[in-house]
Number of protein chains: 2
Amino acid sequence: MPSNRKRRLRLQDYLPYRLSVAANAVSRRIARAYEDRFGLKIAQWRLIAVLADEGPLTQQSLCGRTLMDKVTVMRAAQALVRRGLLRRLPNRADGRSHRLALTRTGGRVYHDIVPLALEHEARMLRGMGAVDVARLERWLRQLERTAQGP
Amino acid sequence: MPSNRKRRLRLQDYLPYRLSVAANAVSRRIARAYEDRFGLKIAQWRLIAVLADEGPLTQQSLCGRTLMDKVTVMRAAQALVRRGLLRRLPNRADGRSHRLALTRTGGRVYHDIVPLALEHEARMLRGMGAVDVARLERWLRQLERTAQGP
DNA sequence: TCGATATAGTAACAAATGAAACTAATGTAC
DNA sequence: GTACATTAGTTTCATTTGTTACTATATCGA
């Protein structure tokens, strides 16, 4: 384990910095690709991905699934509804909310974007074996947990 | 290597998503810590770290070292100068720029913040061996490169 | 040496983000 | 059942962030 008795620190080798820079580079790249080809923001793509995978959900549930806050989800949903990729179904169980569902057009967009998304993932993992990938995923999840922790 | 012939994709297991979420969680956590204890933003901390490590530099050089754009660097520098943690030295070689240097107070802040920074790093790496850490660093740098690439 | 072009730093503006207030519906305690 | 508190969704507003335009200096090429 790294000692914290050092007096100096090289930003270039400092892990939180490297993580932030790498993650931002990846996000930017993907955001640009989605924007260019589909006119979608990352938040919008996330809603589509979750709804395609799980079926209709309330905005509240989407917050939980995507870890985005409710305002972000709301704005993304609004834009998608306007574009006709999502529609709002009434929610019998709770009059305050509605369930968001992909339209047929939304489903097509999903179908078109998946290969691109997977390509980006593959590119990120180029040259890594399955063991490394698993290690990596574990690390990212652990990171998230400890960052949230006390 | 992951096939890109799949039709579906689970956001929870999608690497760019996991990376983004993890990196944001870490950034937020660290940002809060620096803000609370030192009143510093991440950008400001980065300038301090680089200047402590390398000595006086122009804003332009700081852009290269921190991978932040010139406006971000400018604003961070301005705030630090106002607070008396940095000062501007004239630049003989080029009248358009000045060299930014830590003041004595700035140096003290750096000295105080380093243990906290290293603690955060150690926490991120808890339970990982040196080999894993090296693997990780390599991956992050590779990621950055390929995200920039064509 | 002079005119054109490029660069460092700054300023001004526009878009994205996040926190808090607000509204309508629901749930709870008595 | 009625008051009180809570929750889902939306709106509003302040802050942050990024893009573009501007100014002063420097560099390049006749």
# chains A, B, ... in the order shown; residues from 1 in each chain; ligands from 1
call {"tool": "interface_residues", "arguments": {"of": "chain D", "to": "chain B", "cutoff": "8 Å", "atoms": "only C-alpha atoms (C1' of nucleotides)", "output": "list in words"}}
result
DA24, DT25 and DA26 of chain D
call {"tool": "select_by_dssp", "arguments": {"residues": "segment 36-76 of chain A", "states": "alpha helix (DSSP H)", "output": "PyMOL selection string"}}
result
chain A and resi 36-38+42-54+59-66+70-76
call {"tool": "residues_around", "arguments": {"residues": "His120 of chain B", "least_positions_apart": "3", "cutoff": "12 Å", "atoms": "only C-alpha atoms (C1' of nucleotides)", "output": "list in words"}}
result
Met1, Pro2, Ser3, Asn4, Tyr14, Leu15, Pro16, Tyr17, Leu143, Thr146 and Ala147 of chain A; Val26, Ser27, Arg28, Arg29, Ile30, Ala31, Arg32, Ala33, Tyr34, Ile113, Val114, Pro115, Leu116, Ala117, Arg123, Met124, Leu125 and Arg126 of chain B
call {"tool": "select_by_dssp", "arguments": {"residues": "chain B", "states": "strand (DSSP E)", "output": "PyMOL selection string"}}
result
chain B and resi 86-90+98-102
call {"tool": "residues_around", "arguments": {"residues": "Asp53 of chain A", "least_positions_apart": "2", "cutoff": "8 Å", "atoms": "only C-alpha atoms (C1' of nucleotides)", "output": "ChimeraX atom specification"}}
result
/A:49-51,55 /B:8-10
call {"tool": "write_last_selection", "arguments": {"atoms": "N, CA and C atoms", "output": "CSV table (one decimal), in the first residue's frame"}}
result
chain,number,residue,atom,x,y,z
A,49,ALA,N,-31.1,3.1,-23.2
A,49,ALA,CA,-30.5,1.8,-23.0
A,49,ALA,C,-31.2,1.0,-21.9
A,50,VAL,N,-31.5,1.7,-20.8
A,50,VAL,CA,-32.2,1.1,-19.7
A,50,VAL,C,-33.6,0.7,-20.0
A,51,LEU,N,-34.3,1.6,-20.7
A,51,LEU,CA,-35.7,1.2,-21.1
A,51,LEU,C,-35.8,0.1,-22.1
A,55,GLY,N,-37.7,-2.4,-20.0
A,55,GLY,CA,-39.1,-2.0,-20.2
A,55,GLY,C,-39.5,-0.8,-19.5
B,8,ARG,N,-28.3,-6.6,-27.6
B,8,ARG,CA,-28.7,-5.9,-26.3
B,8,ARG,C,-27.4,-5.5,-25.6
B,9,LEU,N,-27.7,-4.8,-24.5
B,9,LEU,CA,-26.6,-4.2,-23.8
B,9,LEU,C,-27.1,-3.8,-22.4
B,10,ARG,N,-26.5,-4.3,-21.4
B,10,ARG,CA,-27.0,-3.9,-20.1
B,10,ARG,C,-26.1,-2.7,-19.6
call {"tool": "closest_atom_pairs", "arguments": {"of": "chain C", "to": "chain B", "cutoff": "9 Å", "atoms": "only C-alpha atoms (C1' of nucleotides)", "output": "JSON lines"}}
result
{"residue": "C:DT7", "atom": "C1'", "partner": "B:Arg96", "partner_atom": "CA", "distance": 8.7}
{"residue": "C:DA8", "atom": "C1'", "partner": "B:Arg96", "partner_atom": "CA", "distance": 5.5}
{"residue": "C:DG9", "atom": "C1'", "partner": "B:Ser97", "partner_atom": "CA", "distance": 6.8}
{"residue": "C:DT10", "atom": "C1'", "partner": "B:Met74", "partner_atom": "CA", "distance": 8.4}
call {"tool": "residues_around", "arguments": {"residues": "DT2 of chain D", "least_positions_apart": "4", "cutoff": "12 Å", "atoms": "only C-alpha atoms (C1' of nucleotides)", "output": "tab-separated table (two decimals) with N, CA and C atoms (P, O5', C5', C4', C3', O3' and C1' of nucleotides), in the first residue's frame"}}
result
chain	number	residue	atom	x	y	z
C	28	DT	P	-47.81	4.65	4.48
C	28	DT	O5'	-48.06	5.61	5.72
C	28	DT	C5'	-47.21	6.74	5.90
C	28	DT	C4'	-47.61	7.48	7.17
C	28	DT	C3'	-48.21	6.60	8.26
C	28	DT	O3'	-47.65	7.00	9.50
C	28	DT	C1'	-49.70	8.35	7.77
C	29	DA	P	-47.88	6.13	10.80
C	29	DA	O5'	-48.55	7.21	11.78
C	29	DA	C5'	-48.19	8.59	11.64
C	29	DA	C4'	-49.01	9.41	12.60
C	29	DA	C3'	-49.52	8.63	13.82
C	29	DA	O3'	-49.50	9.49	14.95
C	29	DA	C1'	-51.36	9.35	12.52
C	30	DC	P	-49.71	8.92	16.39
C	30	DC	O5'	-51.18	9.37	16.75
C	30	DC	C5'	-51.50	10.79	16.72
C	30	DC	C4'	-52.98	10.98	16.48
C	30	DC	C3'	-53.90	10.22	17.43
C	30	DC	O3'	-54.27	11.07	18.52
C	30	DC	C1'	-54.75	10.31	15.19
call {"tool": "closest_residue", "arguments": {"among": "B:Ile42, B:Val133, B:Arg138, B:Ala122", "to": "chain A", "atoms": "only C-alpha atoms"}}
result
B:Ala122
